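What follows is a set of notes on a single structure, which appears directly below.
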Amino acid sequence: MSSPIAINASNIAKRVNSGHGHLTILDHLSLQVAHGERLAIVGTSGSGKSTLLALLAGLDVPSEGQIQLLGTELTELDEDARSAWRARRVGFVFQSFQLLSSLSALANVMLPLELTGAAPDSARARAAVLLEQVGLGARIQHTPRQLSGGEQQRVALARAFACEPEVLFADEPTGNLDSDTGRHVIDLLFALNNNAGTTLVLVTHDDKLAARCDRIVQLADGRIETADENAP
Ligand SMILES: Nc1ncnc2c1ncn2[C@@H]1O[C@H](COP(=O)(O)OP(=O)(O)O)[C@@H](O)[C@H]1O
Ligand SMILES: [Mg+2]
């Protein structure tokens, strides 16, 4: 049987050189996430949440420590290998949607499928199904500019789930949405997550959203503040 642990980060530190010398953003923290778990990372602005999420997802590398994601030691892969690995197994939703503005909703969702080798016809068919699932079946030819913020985030959700990721990371996915729209996007995120059994790691300021997760960890000054009593 495969390991029950999807993510194992041990003793990770992140330091950067800012104009004022060394800055420690993450200060030797450890975190495990179980397969299928839904974890919320909360904390005040500047506490290191986005930095931690980017490390866990392999978007960036730690200054110290190890991160195993789905059994792969990310710190041993170079940037190209990490990016190819990520494309097949990990999804990411950003606060600012990050859609390609010149492409239609359909083409945005097709892109990760084509990048991982799907034929255009099958990519198009799957992207259309996903956009239908997020309620945008009638808008697949619209570009991001022709869509509201909530609609753009729904396209981003469809894109993130396109390659059936085993782990989905979301960084304040409702941070740029009004509360009603945000709730709709979150309902969709959890529905897609339930269907696929995806492990979900999300950063949020929203207590209601955090409360829907299985576990909450609180970051403060680059460390985990809460006793992590429900850790796997
Ligand atoms: N590349 C960087 N260079 C300098 N400072 C950074 C860099 N990335 C993040 N920081 C700083 O590290 C702290 C944590 O950032 P971040 O992880 O974005 O926090 P959060 O997402 O919790 O608001 C902030 O003070 C931010 O300004
Ligand atoms: Mg952030």
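Chain labels follow the order of the structure tokens: the first chain is A, the next B, and so on; residue numbering restarts at 1 in every chain, and ligands are counted from 1 in their shown order.
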Please identify which residues in region 48-159 of chain A DSSP calls alpha helix (DSSP H) from the backbone, and express them as an NGL selection string. :A and (49-56 or 79-89 or 105-115 or 120-133 or 149-159)
Could the residues in this selection be saved with C-alpha atoms as a PDB file, in the first residue's frame?
ATOM      1  CA  LYS A  49       1.592  31.341   4.222  1.00  0.00           C
ATOM      2  CA  SER A  50       2.174  31.874   0.493  1.00  0.00           C
ATOM      3  CA  THR A  51       5.852  31.045   0.863  1.00  0.00           C
ATOM      4  CA  LEU A  52       5.000  27.775   2.623  1.00  0.00           C
ATOM      5  CA  LEU A  53       2.393  26.849   0.014  1.00  0.00           C
ATOM      6  CA  ALA A  54       4.832  27.505  -2.842  1.00  0.00           C
ATOM      7  CA  LEU A  55       7.418  25.251  -1.174  1.00  0.00           C
ATOM      8  CA  LEU A  56       4.940  22.448  -0.505  1.00  0.00           C
ATOM      9  CA  GLU A  79      13.534  23.279 -11.800  1.00  0.00           C
ATOM     10  CA  ASP A  80      12.602  21.640 -15.113  1.00  0.00           C
ATOM     11  CA  ALA A  81      12.064  18.248 -13.524  1.00  0.00           C
ATOM     12  CA  ARG A  82       9.955  19.770 -10.757  1.00  0.00           C
ATOM     13  CA  SER A  83       7.836  21.642 -13.246  1.00  0.00           C
ATOM     14  CA  ALA A  84       7.215  18.540 -15.388  1.00  0.00           C
ATOM     15  CA  TRP A  85       6.436  16.511 -12.277  1.00  0.00           C
ATOM     16  CA  ARG A  86       4.052  19.179 -10.967  1.00  0.00           C
ATOM     17  CA  ALA A  87       2.179  19.424 -14.243  1.00  0.00           C
ATOM     18  CA  ARG A  88       1.136  15.781 -13.990  1.00  0.00           C
ATOM     19  CA  ARG A  89       0.311  15.493 -10.314  1.00  0.00           C
ATOM     20  CA  ALA A 105     -11.897  29.910 -21.071  1.00  0.00           C
ATOM     21  CA  LEU A 106     -11.833  26.694 -23.084  1.00  0.00           C
ATOM     22  CA  ALA A 107      -8.258  27.225 -24.266  1.00  0.00           C
ATOM     23  CA  ASN A 108      -7.117  28.114 -20.746  1.00  0.00           C
ATOM     24  CA  VAL A 109      -8.462  24.809 -19.416  1.00  0.00           C
ATOM     25  CA  MET A 110      -7.132  22.839 -22.413  1.00  0.00           C
ATOM     26  CA  LEU A 111      -3.608  24.143 -21.928  1.00  0.00           C
ATOM     27  CA  PRO A 112      -2.433  21.918 -19.030  1.00  0.00           C
ATOM     28  CA  LEU A 113      -3.977  18.909 -20.762  1.00  0.00           C
ATOM     29  CA  GLU A 114      -2.111  19.602 -23.997  1.00  0.00           C
ATOM     30  CA  LEU A 115       1.112  20.336 -22.106  1.00  0.00           C
ATOM     31  CA  PRO A 120      -6.325  18.464 -28.951  1.00  0.00           C
ATOM     32  CA  ASP A 121      -9.685  16.744 -29.466  1.00  0.00           C
ATOM     33  CA  SER A 122      -9.636  14.941 -26.144  1.00  0.00           C
ATOM     34  CA  ALA A 123      -8.277  18.033 -24.356  1.00  0.00           C
ATOM     35  CA  ARG A 124     -11.116  20.092 -25.824  1.00  0.00           C
ATOM     36  CA  ALA A 125     -13.736  17.549 -24.815  1.00  0.00           C
ATOM     37  CA  ARG A 126     -12.456  17.253 -21.259  1.00  0.00           C
ATOM     38  CA  ALA A 127     -12.089  21.034 -20.855  1.00  0.00           C
ATOM     39  CA  ALA A 128     -15.682  21.516 -22.022  1.00  0.00           C
ATOM     40  CA  VAL A 129     -16.931  18.979 -19.461  1.00  0.00           C
ATOM     41  CA  LEU A 130     -14.997  20.691 -16.675  1.00  0.00           C
ATOM     42  CA  LEU A 131     -16.314  24.117 -17.625  1.00  0.00           C
ATOM     43  CA  GLU A 132     -19.818  22.667 -17.656  1.00  0.00           C
ATOM     44  CA  GLN A 133     -19.208  21.318 -14.140  1.00  0.00           C
ATOM     45  CA  GLY A 149     -13.997  37.679 -11.042  1.00  0.00           C
ATOM     46  CA  GLY A 150     -16.022  34.749  -9.763  1.00  0.00           C
ATOM     47  CA  GLU A 151     -16.308  33.319 -13.252  1.00  0.00           C
ATOM     48  CA  GLN A 152     -12.584  33.693 -13.823  1.00  0.00           C
ATOM     49  CA  GLN A 153     -11.886  31.839 -10.593  1.00  0.00           C
ATOM     50  CA  ARG A 154     -14.234  29.065 -11.712  1.00  0.00           C
ATOM     51  CA  VAL A 155     -12.233  28.762 -14.946  1.00  0.00           C
ATOM     52  CA  ALA A 156      -9.094  28.596 -12.810  1.00  0.00           C
ATOM     53  CA  LEU A 157     -10.679  25.788 -10.743  1.00  0.00           C
ATOM     54  CA  ALA A 158     -11.555  23.874 -13.908  1.00  0.00           C
ATOM     55  CA  ARG A 159      -7.975  24.335 -15.107  1.00  0.00           C
TER      56      ARG A 159
END
Select the residues contacting ligand 2 at a distance of at most 10 Å, based on only C-alpha atoms and all ligand atoms, then format the selection as a PyMOL selection string. chain A and resi 42-54+94-95+171-172+175+203-205
Hey, can you check how far CA of Thr198 (chain A) sits from CA of Val90 (chain A)?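 We find that CA of Thr198 (chain A) and CA of Val90 (chain A) lie 9.7 Å from each other.
Distance-wise, CA of Ala170 (chain A) and CA of Ala57 (chain A) end up 10.0 Å apart.
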If I take CA of Ile5 (chain A) and CA of Ala211 (chain A), how far is one from the other in Å, to one decimal?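 The value is 21.7 Å.
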Could you list, with a cut-off of 12 Å and counting only C-alpha atoms, the residues of region 13-46 of chain A near region 192-195 of chain A, each shown with its nearest atom pair and the distance in Å rounded to one decimal, rows sorted by chain and ascending number, as CSV?
residue,atom,partner,partner_atom,distance
A:Gly36,CA,A:Asn193,CA,8.8
A:Glu37,CA,A:Asn193,CA,10.1
A:Arg38,CA,A:Asn193,CA,9.0
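Shortest atom-to-atom contact with ligand 1 among A:Ala118, A:Ala6, A:Leu77, A:Leu202: A:Leu202, counting only C-alpha atoms and all ligand atoms.
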So, with only C-alpha atoms and all ligand atoms as the atoms that count, which of A:Asp27, A:Glu164, A:Glu73, A:Asp214 lies closest to ligand 1?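 Closest to ligand 1, using only C-alpha atoms and all ligand atoms: A:Asp27.
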Among chain A, which ones does DSSP place in strand (DSSP E), written as number ranges by chain? A: 5-18, 21-34, 38-42, 64-69, 72-73, 90-93, 167-171, 199-203, 215-220, 223-224
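Using only C-alpha atoms and all ligand atoms, the shortest contact distance between ligand 1 and any of A:Ala13, A:Ala191, A:Ala220, A:Ala119 is found at A:Ala220.
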